[in-house]
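This is upload_24.txt. It holds compact mmCIF, N, CA and C atoms.
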```txt
# COMPACT_ATOMS: atom_id res chain seq x y z
N MET A 1 1.27 20.45 27.72
CA MET A 1 1.48 19.41 26.76
C MET A 1 2.97 19.38 26.44
N LYS A 2 3.55 18.25 26.57
CA LYS A 2 4.99 18.10 26.51
C LYS A 2 5.54 18.37 25.12
N GLN A 3 6.61 19.17 25.08
CA GLN A 3 7.39 19.39 23.88
C GLN A 3 6.63 20.07 22.75
N LEU A 4 5.57 20.80 23.01
CA LEU A 4 4.86 21.50 21.95
C LEU A 4 4.73 22.96 22.30
N GLY A 5 4.83 23.79 21.31
CA GLY A 5 4.55 25.20 21.51
C GLY A 5 3.06 25.42 21.58
N LYS A 6 2.65 26.61 21.99
CA LYS A 6 1.23 26.89 22.14
C LYS A 6 0.48 26.74 20.82
N ILE A 7 1.05 27.22 19.74
CA ILE A 7 0.38 27.12 18.45
C ILE A 7 0.36 25.68 17.98
N GLY A 8 1.46 24.97 18.13
CA GLY A 8 1.53 23.57 17.69
C GLY A 8 0.53 22.70 18.42
N ALA A 9 0.40 22.88 19.73
CA ALA A 9 -0.54 22.07 20.50
C ALA A 9 -1.97 22.34 20.04
N THR A 10 -2.27 23.60 19.79
CA THR A 10 -3.62 23.95 19.37
C THR A 10 -3.93 23.35 18.01
N ALA A 11 -3.02 23.52 17.07
CA ALA A 11 -3.26 23.01 15.72
C ALA A 11 -3.27 21.50 15.71
N ALA A 12 -2.38 20.89 16.47
CA ALA A 12 -2.28 19.44 16.46
C ALA A 12 -3.50 18.78 17.05
N LEU A 13 -4.11 19.40 18.01
CA LEU A 13 -5.32 18.83 18.60
C LEU A 13 -6.54 19.09 17.73
N MET A 14 -6.33 19.86 16.68
CA MET A 14 -7.37 20.16 15.71
C MET A 14 -8.62 20.74 16.37
N MET A 15 -8.38 21.62 17.32
CA MET A 15 -9.47 22.33 17.98
C MET A 15 -9.40 23.78 17.55
N THR A 16 -10.51 24.42 17.41
CA THR A 16 -10.52 25.82 17.07
C THR A 16 -11.07 26.60 18.25
N ALA A 17 -10.27 27.49 18.77
CA ALA A 17 -10.72 28.34 19.86
C ALA A 17 -11.53 29.48 19.25
N VAL A 18 -12.70 29.70 19.80
CA VAL A 18 -13.59 30.72 19.30
C VAL A 18 -13.72 31.81 20.36
N ALA A 19 -13.42 33.02 20.00
CA ALA A 19 -13.55 34.12 20.95
C ALA A 19 -15.02 34.25 21.32
N ALA A 20 -15.28 34.39 22.59
CA ALA A 20 -16.65 34.44 23.08
C ALA A 20 -17.18 35.86 23.04
N PRO A 21 -18.16 36.14 22.20
CA PRO A 21 -18.74 37.47 22.19
C PRO A 21 -19.60 37.67 23.42
N ALA A 22 -19.87 38.91 23.75
CA ALA A 22 -20.65 39.22 24.95
C ALA A 22 -22.09 38.75 24.80
N ALA A 23 -22.61 38.71 23.61
CA ALA A 23 -23.99 38.27 23.41
C ALA A 23 -24.09 37.59 22.05
N VAL A 24 -25.09 36.74 21.91
CA VAL A 24 -25.28 36.01 20.67
C VAL A 24 -26.74 36.14 20.26
N ALA A 25 -26.97 36.40 19.00
CA ALA A 25 -28.35 36.43 18.50
C ALA A 25 -28.80 34.99 18.33
N LEU A 26 -29.81 34.59 19.08
CA LEU A 26 -30.23 33.19 19.07
C LEU A 26 -31.60 32.97 18.45
N GLN A 27 -32.18 34.00 17.87
CA GLN A 27 -33.48 33.84 17.25
C GLN A 27 -33.37 34.16 15.78
N GLN A 28 -33.80 33.24 14.95
CA GLN A 28 -33.85 33.50 13.53
C GLN A 28 -35.28 33.82 13.17
N ASP A 29 -35.46 34.45 12.02
CA ASP A 29 -36.81 34.86 11.61
C ASP A 29 -37.78 33.69 11.53
N ASP A 30 -37.30 32.53 11.12
CA ASP A 30 -38.18 31.39 10.93
C ASP A 30 -38.03 30.32 12.01
N GLY A 31 -37.23 30.58 13.05
CA GLY A 31 -36.99 29.56 14.06
C GLY A 31 -37.52 29.98 15.42
N PRO A 32 -37.60 29.02 16.33
CA PRO A 32 -38.08 29.33 17.68
C PRO A 32 -37.03 30.08 18.49
N LYS A 33 -37.50 30.87 19.42
CA LYS A 33 -36.60 31.55 20.34
C LYS A 33 -36.18 30.54 21.41
N LEU A 34 -34.87 30.48 21.68
CA LEU A 34 -34.36 29.57 22.69
C LEU A 34 -34.53 30.17 24.08
N ALA A 35 -34.89 29.32 25.02
CA ALA A 35 -35.08 29.78 26.40
C ALA A 35 -33.76 29.84 27.13
N GLY A 36 -33.68 30.65 28.16
CA GLY A 36 -32.50 30.69 28.99
C GLY A 36 -31.71 31.98 28.84
N GLU A 37 -30.53 31.95 29.43
CA GLU A 37 -29.63 33.09 29.42
C GLU A 37 -28.38 32.75 28.63
N THR A 38 -27.72 33.77 28.11
CA THR A 38 -26.48 33.55 27.38
C THR A 38 -25.32 33.49 28.37
N TRP A 39 -24.61 32.38 28.32
CA TRP A 39 -23.43 32.15 29.16
C TRP A 39 -22.26 31.79 28.26
N VAL A 40 -21.07 31.92 28.80
CA VAL A 40 -19.86 31.50 28.11
C VAL A 40 -19.47 30.12 28.62
N ARG A 41 -19.07 29.26 27.70
CA ARG A 41 -18.56 27.93 28.05
C ARG A 41 -17.08 27.91 27.70
N THR A 42 -16.26 27.70 28.70
CA THR A 42 -14.82 27.58 28.49
C THR A 42 -14.42 26.15 28.77
N GLU A 43 -13.66 25.58 27.86
CA GLU A 43 -13.10 24.25 28.04
C GLU A 43 -11.59 24.39 28.11
N LEU A 44 -11.01 23.77 29.13
CA LEU A 44 -9.56 23.78 29.32
C LEU A 44 -9.06 22.35 29.20
N PHE A 45 -8.07 22.13 28.33
CA PHE A 45 -7.51 20.81 28.08
C PHE A 45 -6.14 20.75 28.74
N PHE A 46 -6.00 19.90 29.74
CA PHE A 46 -4.77 19.77 30.51
C PHE A 46 -4.09 18.46 30.17
N GLY A 47 -2.86 18.54 29.66
CA GLY A 47 -2.07 17.34 29.44
C GLY A 47 -1.47 16.89 30.77
N THR A 48 -1.17 15.60 30.88
CA THR A 48 -0.61 15.08 32.13
C THR A 48 0.81 14.56 31.99
N ASP A 49 1.33 14.50 30.75
CA ASP A 49 2.73 14.10 30.56
C ASP A 49 3.63 15.27 30.90
N ARG A 50 4.75 14.97 31.51
CA ARG A 50 5.73 16.00 31.83
C ARG A 50 7.07 15.35 32.07
N PRO A 51 8.13 16.16 32.13
CA PRO A 51 9.43 15.59 32.46
C PRO A 51 9.36 14.94 33.85
N GLY A 52 9.90 13.76 33.99
CA GLY A 52 9.79 13.04 35.27
C GLY A 52 8.44 12.33 35.31
N PRO A 53 7.95 12.09 36.51
CA PRO A 53 6.67 11.38 36.60
C PRO A 53 5.50 12.24 36.09
N ASP A 54 4.54 11.58 35.46
CA ASP A 54 3.36 12.29 34.95
C ASP A 54 2.52 12.84 36.10
N VAL A 55 1.63 13.77 35.78
CA VAL A 55 0.71 14.32 36.77
C VAL A 55 -0.25 13.20 37.18
N THR A 56 -0.37 12.96 38.46
CA THR A 56 -1.24 11.89 38.97
C THR A 56 -2.66 12.39 39.15
N GLU A 57 -3.57 11.44 39.32
CA GLU A 57 -4.97 11.79 39.61
C GLU A 57 -5.06 12.65 40.86
N TYR A 58 -4.32 12.26 41.90
CA TYR A 58 -4.31 13.00 43.15
C TYR A 58 -3.81 14.44 42.94
N GLN A 59 -2.71 14.59 42.21
CA GLN A 59 -2.16 15.93 41.97
C GLN A 59 -3.15 16.79 41.19
N PHE A 60 -3.80 16.20 40.19
CA PHE A 60 -4.75 17.00 39.42
C PHE A 60 -5.96 17.37 40.27
N SER A 61 -6.43 16.43 41.08
CA SER A 61 -7.56 16.71 41.97
C SER A 61 -7.22 17.85 42.94
N ARG A 62 -6.01 17.82 43.49
CA ARG A 62 -5.56 18.90 44.38
C ARG A 62 -5.50 20.23 43.63
N PHE A 63 -5.03 20.20 42.39
CA PHE A 63 -4.97 21.42 41.58
C PHE A 63 -6.37 21.99 41.39
N VAL A 64 -7.33 21.13 41.06
CA VAL A 64 -8.71 21.60 40.88
C VAL A 64 -9.23 22.20 42.19
N ASN A 65 -9.02 21.48 43.31
CA ASN A 65 -9.51 21.95 44.60
C ASN A 65 -8.85 23.26 45.04
N ASP A 66 -7.54 23.38 44.82
CA ASP A 66 -6.80 24.53 45.33
C ASP A 66 -6.77 25.72 44.38
N THR A 67 -6.87 25.48 43.07
CA THR A 67 -6.67 26.55 42.10
C THR A 67 -7.93 26.88 41.30
N VAL A 68 -8.65 25.86 40.84
CA VAL A 68 -9.80 26.09 39.97
C VAL A 68 -11.06 26.43 40.79
N THR A 69 -11.38 25.60 41.76
CA THR A 69 -12.62 25.78 42.53
C THR A 69 -12.70 27.13 43.24
N PRO A 70 -11.63 27.65 43.85
CA PRO A 70 -11.74 28.97 44.48
C PRO A 70 -12.11 30.08 43.47
N ARG A 71 -11.74 29.92 42.22
CA ARG A 71 -12.05 30.92 41.20
C ARG A 71 -13.44 30.72 40.60
N PHE A 72 -13.94 29.49 40.63
CA PHE A 72 -15.26 29.17 40.08
C PHE A 72 -16.02 28.26 41.05
N PRO A 73 -16.38 28.78 42.21
CA PRO A 73 -17.02 27.94 43.23
C PRO A 73 -18.45 27.51 42.89
N ASP A 74 -19.07 28.14 41.89
CA ASP A 74 -20.45 27.80 41.56
C ASP A 74 -20.57 26.50 40.79
N GLY A 75 -19.46 25.98 40.29
CA GLY A 75 -19.52 24.68 39.62
C GLY A 75 -18.65 24.58 38.39
N LEU A 76 -18.29 23.35 38.08
CA LEU A 76 -17.48 23.01 36.92
C LEU A 76 -17.59 21.52 36.71
N THR A 77 -17.10 21.05 35.58
CA THR A 77 -17.10 19.63 35.27
C THR A 77 -15.69 19.22 34.88
N VAL A 78 -15.23 18.07 35.39
CA VAL A 78 -13.92 17.53 35.04
C VAL A 78 -14.14 16.17 34.38
N LEU A 79 -13.56 16.01 33.19
CA LEU A 79 -13.63 14.74 32.46
C LEU A 79 -12.22 14.24 32.21
N SER A 80 -12.05 12.93 32.19
CA SER A 80 -10.77 12.32 31.87
C SER A 80 -10.81 11.81 30.44
N GLY A 81 -9.67 11.89 29.77
CA GLY A 81 -9.63 11.43 28.39
C GLY A 81 -8.23 11.07 27.97
N ASN A 82 -8.11 10.78 26.71
CA ASN A 82 -6.83 10.48 26.08
C ASN A 82 -6.68 11.40 24.88
N GLY A 83 -5.63 12.20 24.88
CA GLY A 83 -5.40 13.13 23.78
C GLY A 83 -4.29 12.65 22.87
N GLN A 84 -4.27 13.21 21.67
CA GLN A 84 -3.18 12.91 20.75
C GLN A 84 -3.02 14.05 19.78
N TRP A 85 -1.80 14.18 19.24
CA TRP A 85 -1.49 15.17 18.22
C TRP A 85 -0.25 14.71 17.49
N LYS A 86 0.06 15.36 16.39
CA LYS A 86 1.24 15.00 15.62
C LYS A 86 2.35 15.99 15.94
N SER A 87 3.53 15.46 16.25
CA SER A 87 4.70 16.27 16.55
C SER A 87 5.89 15.69 15.82
N ASP A 88 6.52 16.47 14.96
CA ASP A 88 7.68 16.00 14.18
C ASP A 88 7.37 14.72 13.42
N GLY A 89 6.16 14.64 12.87
CA GLY A 89 5.78 13.48 12.07
C GLY A 89 5.34 12.26 12.84
N LYS A 90 5.36 12.34 14.17
CA LYS A 90 4.98 11.20 15.00
C LYS A 90 3.74 11.53 15.81
N ILE A 91 2.90 10.52 16.02
CA ILE A 91 1.71 10.69 16.86
C ILE A 91 2.15 10.61 18.33
N VAL A 92 1.78 11.62 19.09
CA VAL A 92 2.07 11.67 20.52
C VAL A 92 0.74 11.51 21.25
N ARG A 93 0.71 10.63 22.24
CA ARG A 93 -0.52 10.37 23.01
C ARG A 93 -0.24 10.60 24.49
N GLU A 94 -1.26 11.10 25.20
CA GLU A 94 -1.14 11.24 26.65
C GLU A 94 -2.52 11.30 27.29
N ARG A 95 -2.54 10.93 28.57
CA ARG A 95 -3.77 11.11 29.33
C ARG A 95 -4.02 12.60 29.45
N SER A 96 -5.28 12.99 29.50
CA SER A 96 -5.59 14.40 29.61
C SER A 96 -6.82 14.60 30.50
N LYS A 97 -6.99 15.82 30.90
CA LYS A 97 -8.16 16.22 31.69
C LYS A 97 -8.82 17.38 30.97
N LEU A 98 -10.13 17.38 30.96
CA LEU A 98 -10.92 18.46 30.38
C LEU A 98 -11.75 19.07 31.49
N VAL A 99 -11.59 20.37 31.69
CA VAL A 99 -12.39 21.09 32.68
C VAL A 99 -13.32 22.01 31.91
N ILE A 100 -14.61 21.90 32.19
CA ILE A 100 -15.64 22.72 31.55
C ILE A 100 -16.20 23.67 32.60
N ILE A 101 -16.18 24.96 32.26
CA ILE A 101 -16.68 25.98 33.17
C ILE A 101 -17.70 26.83 32.41
N LEU A 102 -18.86 27.05 32.99
CA LEU A 102 -19.89 27.93 32.43
C LEU A 102 -20.04 29.14 33.34
N TYR A 103 -20.15 30.32 32.74
CA TYR A 103 -20.31 31.55 33.53
C TYR A 103 -21.09 32.57 32.70
N PRO A 104 -21.81 33.49 33.37
CA PRO A 104 -22.63 34.47 32.65
C PRO A 104 -21.78 35.32 31.70
N ALA A 105 -22.32 35.57 30.51
CA ALA A 105 -21.61 36.36 29.51
C ALA A 105 -21.33 37.77 30.00
N ASP A 106 -22.19 38.31 30.84
CA ASP A 106 -21.96 39.68 31.31
C ASP A 106 -20.81 39.78 32.30
N GLY A 107 -20.27 38.67 32.76
CA GLY A 107 -19.11 38.68 33.64
C GLY A 107 -17.88 38.05 32.98
N ALA A 108 -17.89 37.98 31.64
CA ALA A 108 -16.85 37.26 30.92
C ALA A 108 -15.46 37.87 31.11
N ALA A 109 -15.37 39.18 31.23
CA ALA A 109 -14.05 39.80 31.36
C ALA A 109 -13.35 39.35 32.64
N GLY A 110 -14.03 39.41 33.76
CA GLY A 110 -13.45 38.97 35.04
C GLY A 110 -13.18 37.49 35.06
N SER A 111 -14.06 36.72 34.47
CA SER A 111 -13.87 35.27 34.43
C SER A 111 -12.70 34.90 33.53
N GLY A 112 -12.54 35.64 32.44
CA GLY A 112 -11.42 35.38 31.54
C GLY A 112 -10.08 35.54 32.24
N LYS A 113 -9.97 36.53 33.10
CA LYS A 113 -8.75 36.75 33.87
C LYS A 113 -8.49 35.57 34.80
N LYS A 114 -9.53 35.08 35.45
CA LYS A 114 -9.38 33.92 36.35
C LYS A 114 -8.94 32.68 35.58
N ILE A 115 -9.48 32.50 34.38
CA ILE A 115 -9.11 31.34 33.57
C ILE A 115 -7.65 31.42 33.17
N GLU A 116 -7.18 32.59 32.82
CA GLU A 116 -5.76 32.75 32.47
C GLU A 116 -4.87 32.47 33.67
N GLU A 117 -5.31 32.83 34.86
CA GLU A 117 -4.56 32.50 36.09
C GLU A 117 -4.46 30.99 36.27
N ILE A 118 -5.56 30.28 36.00
CA ILE A 118 -5.57 28.82 36.11
C ILE A 118 -4.59 28.21 35.11
N ARG A 119 -4.64 28.66 33.87
CA ARG A 119 -3.73 28.13 32.85
C ARG A 119 -2.28 28.36 33.24
N SER A 120 -1.96 29.57 33.65
CA SER A 120 -0.57 29.89 34.04
C SER A 120 -0.11 29.05 35.22
N ALA A 121 -0.99 28.88 36.20
CA ALA A 121 -0.63 28.10 37.38
C ALA A 121 -0.32 26.65 37.01
N TYR A 122 -1.13 26.05 36.14
CA TYR A 122 -0.90 24.66 35.74
C TYR A 122 0.39 24.52 34.95
N GLU A 123 0.60 25.43 34.01
CA GLU A 123 1.82 25.39 33.21
C GLU A 123 3.06 25.46 34.09
N LYS A 124 3.02 26.34 35.06
CA LYS A 124 4.18 26.51 35.96
C LYS A 124 4.33 25.31 36.89
N GLN A 125 3.24 24.91 37.54
CA GLN A 125 3.29 23.84 38.55
C GLN A 125 3.68 22.49 37.95
N PHE A 126 3.22 22.22 36.73
CA PHE A 126 3.42 20.89 36.14
C PHE A 126 4.30 20.91 34.88
N GLN A 127 5.10 21.94 34.71
CA GLN A 127 6.05 22.05 33.61
C GLN A 127 5.41 21.79 32.24
N GLN A 128 4.30 22.47 31.97
CA GLN A 128 3.60 22.32 30.70
C GLN A 128 3.86 23.55 29.83
N GLU A 129 3.94 23.34 28.52
CA GLU A 129 4.13 24.46 27.61
C GLU A 129 2.84 25.22 27.38
N SER A 130 1.70 24.53 27.48
CA SER A 130 0.43 25.20 27.25
C SER A 130 -0.72 24.40 27.82
N VAL A 131 -1.83 25.09 28.02
CA VAL A 131 -3.12 24.50 28.34
C VAL A 131 -4.07 25.05 27.28
N LEU A 132 -4.64 24.15 26.48
CA LEU A 132 -5.54 24.57 25.41
C LEU A 132 -6.83 25.13 26.01
N ARG A 133 -7.27 26.27 25.46
CA ARG A 133 -8.52 26.90 25.90
C ARG A 133 -9.42 27.09 24.70
N THR A 134 -10.69 26.71 24.84
CA THR A 134 -11.70 27.03 23.84
C THR A 134 -12.84 27.74 24.54
N ASP A 135 -13.45 28.69 23.83
CA ASP A 135 -14.59 29.45 24.37
C ASP A 135 -15.72 29.44 23.35
N SER A 136 -16.94 29.33 23.84
CA SER A 136 -18.12 29.44 23.00
C SER A 136 -19.24 30.02 23.85
N THR A 137 -20.31 30.43 23.21
CA THR A 137 -21.47 30.88 23.99
C THR A 137 -22.53 29.80 23.93
N GLU A 138 -23.27 29.72 25.00
CA GLU A 138 -24.32 28.71 25.15
C GLU A 138 -25.57 29.40 25.69
N GLN A 139 -26.70 28.83 25.36
CA GLN A 139 -27.97 29.28 25.95
C GLN A 139 -28.29 28.29 27.06
N VAL A 140 -28.34 28.75 28.30
CA VAL A 140 -28.52 27.83 29.43
C VAL A 140 -29.75 28.21 30.25
N SER A 141 -30.30 27.22 30.88
CA SER A 141 -31.36 27.43 31.87
C SER A 141 -31.20 26.36 32.94
N PHE A 142 -31.58 26.71 34.15
CA PHE A 142 -31.42 25.80 35.29
C PHE A 142 -32.78 25.43 35.84
```
Take the structure in the file and give it back as structure tokens.
Amino acid sequence: MKQLGKIGATAALMMTAVAAPAAVALQQDDGPKLAGETWVRTELFFGTDRPGPDVTEYQFSRFVNDTVTPRFPDGLTVLSGNGQWKSDGKIVRERSKLVIILYPADGAAGSGKKIEEIRSAYEKQFQQESVLRTDSTEQVSF
């Protein structure tokens, strides 16, 4: 995200990153037990504005194919959007990409390392100050 520090981008997007615990209690005394397994859901928010020409659809697609998919070959979701935040009193807007990755909670440590590699690679390749990451746990079944 152009011209923002890591903390500023996070606060400005008004997203709260939640550390993903290894397990979550999903049954309450008076509620039904949820079916499925506990997995971690990581969302990565990629800005496309940068010095010079913005990141193109083709460049982002290549990044996903070359950098993200090899680390998470079992699947992911890519969504396109428009992001905004406040910087120096002004609203800044840019096209953005959201990548959603789900992985078993029992493998979260290894997956977390791969996600940090993805973030670092994007920041370096596309001159970005940060890639926003959020983590939560989900109950999934296939």
| field | Point-to-point distance in Å for atom CA of Ala108 of chain A and atom CA of Arg71 of chain A | value |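 Separating atom CA of Arg71 of chain A from atom CA of Ala108 of chain A is a distance of 13.0 Å.
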| Distance in Å - atom C of Gly75 of chain A versus atom CA of Tyr103 of chain A |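 A separation of 8.7 Å between them.
Here atom CA of Ser111 of chain A stands at a distance of 12.2 Å from atom CA of Asp74 of chain A.
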Could you put an axis-aligned box around every listed atom of segment 115-129 of chain A, padded by 5 Å on each side, and send me its centre and edge lengths in Å to one decimal, as lines of an AutoDock Vina configuration file?
```
center_x = -1.7
center_y = 26.9
center_z = 33.0
size_x = 25.5
size_y = 21.9
size_z = 21.2
```
| task | Considering only C-alpha atoms, state which residue in the set A:Phe63, A:Trp39, A:Phe142, A:Phe72 is at the smallest distance from Glu123 of chain A. | result |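 Of the candidates, the smallest distance to Glu123 of chain A is held by A:Phe63.
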Show me a table, sorted first by chain and then by increasing residue number, of the residues of segment 41-66 of chain A having an atom at most 6.5 Å from segment 130-141 of chain A, each with its shortest atom pair and the distance in Å to one decimal, counting all atoms listed in the file and written as CSV.
```
residue,atom,partner,partner_atom,distance
A:Arg41,N,A:Ser136,C,3.9
A:Thr42,CA,A:Thr134,C,4.4
A:Glu43,N,A:Thr134,C,4.0
A:Leu44,CA,A:Leu132,C,4.5
A:Phe45,N,A:Leu132,C,4.0
A:Phe46,CA,A:Val131,CA,5.5
A:Gly47,N,A:Val131,CA,6.1
```
| Contacts of segment 90-97 of chain A at 5 Å or less, counting only N, CA and C atoms, minus same-chain residues fewer than 6 places along, as a list in words? | Phe45, Phe46, Gly47, Thr48, Leu79, Ser80, Gly81, Asn82, Gly83 and Gln84 of chain A
| said: If DSSP is run on the backbone, what residues of segment 94-139 of chain A are alpha helix (DSSP H)? A reply as number ranges by chain would be ideal. | reply: A: 108-125
